[in-house]
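In what follows, a structure is listed as structure tokens, so that the remarks can point back to it.
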Amino acid sequence: MTVRTRFAPSPTGYLHIGGARTALFSWLYAKRHQGKFVLRIEDTDRERSTQEAVDVILEGMQWLGLAHDEGPFYQTERMARYKEVIQKLLDDGYAYKCYCSKEELDAMRETQMAKKEKARYDRRCRGIEQPPEGKDAVLPVIRFKTDIDGEVVINDHVKGQIVIKNKELDDLIIARGDGTPTYNLVVVIDDLDMGITHVIRGDDHLNNTPRQINILKAMDALIPEYAHLPMILDEQGAKLSKRHGAANLLNYREEGYLPEALLNYLVRLGWSHGDQEIFSIDEMIELFELDDINKSASSINPDKLLWLNQHYIKEGDPEHVAKHLAWHMEKHGINTDNGPALSAIVTALAERCKTLVEMAQSSRYFFEDFEDFDEKAAKKNLKAAALEPLKKMLERFTATSEWSGEALHQIVLKLTEELELKLGKVAQPLRVAVTGAGMSPSIDITLELIGRDRCLSRMAKAIRYIEERVAAQ
């Protein structure tokens with residue numbers, strides 16, 4: 001049997017980290033068993049589904065690198081198939097028409113609750129062949145005829161064996177009065193038609209599973225295996241708020257996280273392999289099994305995500321990290337056409353930056369000239385004592401034919417010795433002169449990456465700045 005999993009988000013909101021974890025686990029299980037991963041967009045809720053949400057889902061999946069083998073399939077394009085199945089269920093006696101009004105249903109539930117009974121549909125239309133008197137014009141809903149006896153057994157990969165008595169289930173609506181099918185029917189037909197062997201989803205769907213299994217049995221279909229994932233909670237153990245990740249997954253990209261870091265973070269929210277914390281994608285595929293998913297809910301840990309992100313920035317291929325950095329540079333309006341390679345920026349700043357946003361903001365001076373020096377850094381370093389070292393440095397930098405970090409480093413060291421100064425008395429004013437601020441990678445790397453022309457121009461600017469300050473005193 002070929003393993004076939006699916007991710008089936010509803011485009012009524014953005015893809016969030018809970019959905020992304022479901023997608024990851026489904027993708028990993030398919031890859032682990034050389035199977036197929038199917039992407040399906042459950043867009044039958046036409047009032048709430050939006051194309052914007054669809055686009056964000058697709059963009060989020062692409063950013064994470066969770067490529068689907070088949071799809072995306074859209075439920076709105078399969079309406080004829082759903083109606084065909086509804087009619088067959090009616091013809092075969094597994095479904096019936098219900099003419100009850102909303103008022104009748106409300107009154108029914110009030111009576112049941114007054115008697116301290118479980119509120120459910122009492123099957124009053126079950127077995128009716130014709131519309132009740134006075135209801136000829138009513139557009140009936142279609143209900144599934146759930147077995148009154150027996151039970152549904154779910155051998156869940158996460159929860160273990162779950163047994164639900166059929167008498168606890170009501171006759172759920174599978175088609176509305178206007179003929180449109182409901183979620184519990186369409187998801188069953190889709191899983192059947194797409195050959196899904198393993199349904200991996202959040203445990204908020206657990207109540208739907210026995211109902212869907214009963215429909216599959218009525219259709220004489222194979223029952224897939226199930227794995228219902230526990231919730232993801234915030235640091236205090238409460239349900240996730242939008243601030244903590246229940247909003248748009250792509251917010252993590254906006255905040256400067258690498259997809260590898262987020263995937264590593266997500267896989268550890270509910271799954272483990274010993275004490276290992278860092279997993280490459282290949283390791284995840286090799287080791288992932290549904291039976292290893294934790295039964296209890298997981299809590300998010302933003303500090304851990306930040307730690308993982310810095311790890312992947314430092315240890316990742318600079319060329320790969322640079323591709324993601326390029327997106328942030330553009331986002332921050334930094335033109336990188338006339339400057340060093342972004343992979344070199346990644347190498348230079350990897351130890352200093354925890355996010356790509358921080359890296360983009362910290363690297364602007366490599367590509368753009370600045371109007372003013374940082375006031376605090378200039379006050380401390382661009383003083384009269386720095387005038388002579390900067391002037392001599394400008395002369396020697398202008399005269400050198402080799403603009404490399406090592407060559408420039410030797411020039412700085414030699415001048416420091418000649419002037420009998422500590423390195424910081426020369427290097428720090430130079431750093432402020434060429435970057436505009438007091439923080440940068442080592443001065444030799446900084447000079448090399450900024451480039452000859454920019455460095456010489458900025459050093460001249462710093463010299464003028466000092467001279468003007470001295471003259472004003």
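Simple scheme: letters A, B, ... for chains in structure tokens order, numbers from 1 for residues in each chain, numbers from 1 for ligands in the order shown.
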Go through segment 50-202 of chain A and collect every residue that DSSP, computed from the backbone, puts in strand (DSSP E or B); the answer should be as a ChimeraX atom specification.
/A:70-74,95-98,141-144,151-156,160-165,173-175,181,198-202
Hey, can you spit out that residue selection with C-alpha atoms as a compact mmCIF listing (two decimals), in the first residue's frame?
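The new file result_6.txt reads:
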```txt
# COMPACT_ATOMS: atom_id res chain seq x y z
CA GLU A 70 -0.64 16.28 -6.00
CA GLY A 71 -2.99 19.25 -6.02
CA PRO A 72 -3.94 21.73 -4.99
CA PHE A 73 -7.48 20.40 -5.34
CA TYR A 74 -10.42 22.69 -4.67
CA ALA A 95 -29.72 9.13 4.04
CA TYR A 96 -33.12 10.82 4.26
CA LYS A 97 -34.79 14.19 3.85
CA CYS A 98 -35.51 16.26 6.94
CA VAL A 141 -31.86 19.16 4.39
CA ILE A 142 -30.37 15.71 3.87
CA ARG A 143 -29.37 13.76 6.98
CA PHE A 144 -27.16 10.69 7.21
CA GLU A 151 -20.05 1.30 17.93
CA VAL A 152 -17.18 2.97 16.11
CA VAL A 153 -13.66 1.94 17.06
CA ILE A 154 -10.81 4.33 16.24
CA ASN A 155 -7.28 3.00 16.64
CA ASP A 156 -5.64 6.39 16.75
CA GLY A 160 -4.79 5.07 21.28
CA GLN A 161 -8.05 3.13 20.95
CA ILE A 162 -11.21 5.22 21.13
CA VAL A 163 -14.68 3.60 21.22
CA ILE A 164 -17.80 5.64 20.43
CA LYS A 165 -21.30 4.16 20.78
CA ILE A 173 -26.78 16.93 8.10
CA ILE A 174 -24.80 16.07 4.95
CA ALA A 175 -26.51 18.57 2.61
CA PRO A 181 -22.88 19.57 0.92
CA HIS A 198 -3.55 8.33 6.79
CA VAL A 199 -5.54 11.30 8.09
CA ILE A 200 -3.32 13.50 10.27
CA ARG A 201 -5.12 16.48 11.79
CA GLY A 202 -5.74 18.41 14.99
```
message: Can you pull out the residues contacting segment 293-297 of chain A? Cut-off 12 Å, using only C-alpha atoms, and skip same-chain residues under 2 positions away; I want them as a VMD selection string.
response: chain A and resid 18 21 to 22 25 29 156 to 160 200 202 to 203 227 to 235 237 to 240 267 to 273 287 to 291 299 to 300
query: Within 10 Å of Ile443 of chain A, counting only C-alpha atoms, which residues qualify if same-chain residues fewer than 6 places away don't, as a ChimeraX atom specification?
result: /A:405,408-409,412,427-428,430-431,434,449
What would the file look like if the residues just selected were written as a CSV table (one decimal), in the first residue's frame with N, CA, C and O atoms?
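Result went into result_8.csv, see below:
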```csv
chain,number,residue,atom,x,y,z
A,405,GLY,N,40.8,42.4,3.1
A,405,GLY,CA,40.7,42.4,4.6
A,405,GLY,C,42.1,42.3,5.2
A,405,GLY,O,42.5,43.1,6.1
A,408,LEU,N,44.4,45.4,4.5
A,408,LEU,CA,44.0,46.5,5.2
A,408,LEU,C,44.3,46.4,6.7
A,408,LEU,O,44.6,47.3,7.4
A,409,HIS,N,44.1,45.1,7.2
A,409,HIS,CA,44.4,44.9,8.6
A,409,HIS,C,45.9,45.2,8.9
A,409,HIS,O,46.2,45.8,10.0
A,412,VAL,N,46.4,48.9,9.2
A,412,VAL,CA,45.9,49.4,10.5
A,412,VAL,C,46.9,49.1,11.6
A,412,VAL,O,47.3,49.9,12.5
A,427,ALA,N,41.2,51.8,15.5
A,427,ALA,CA,40.2,51.0,14.8
A,427,ALA,C,38.8,51.5,15.0
A,427,ALA,O,37.9,51.6,14.1
A,428,GLN,N,38.5,52.0,16.3
A,428,GLN,CA,37.1,52.4,16.6
A,428,GLN,C,36.7,53.7,15.9
A,428,GLN,O,35.6,53.8,15.3
A,430,LEU,N,37.9,54.7,13.1
A,430,LEU,CA,37.8,54.2,11.7
A,430,LEU,C,36.5,53.5,11.5
A,430,LEU,O,35.8,53.8,10.4
A,431,ARG,N,36.1,52.7,12.4
A,431,ARG,CA,34.8,52.0,12.3
A,431,ARG,C,33.6,53.0,12.2
A,431,ARG,O,32.7,52.9,11.4
A,434,VAL,N,33.5,54.8,8.8
A,434,VAL,CA,33.1,54.1,7.6
A,434,VAL,C,31.7,53.5,7.7
A,434,VAL,O,31.0,53.3,6.7
A,449,LEU,N,34.3,44.8,2.8
A,449,LEU,CA,32.9,44.7,2.2
A,449,LEU,C,32.3,46.0,1.8
A,449,LEU,O,31.6,46.1,0.8
```
Shell of 8 Å around segment 392-397 of chain A, only C-alpha atoms, local chain residues under 2 positions omitted, as a list in words: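 Near segment 392-397 of chain A, the qualifying residues are Glu388, Pro389, Leu390, Ala399, Thr400, Leu408, Ile411, Val412, Leu415, Leu456, Met459 and Ala460 of chain A.
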Using only C-alpha atoms, the shortest atom-to-atom distance to Arg364 of chain A among A:Thr347, A:Asn264, A:Met329, A:His205 belongs to A:Met329
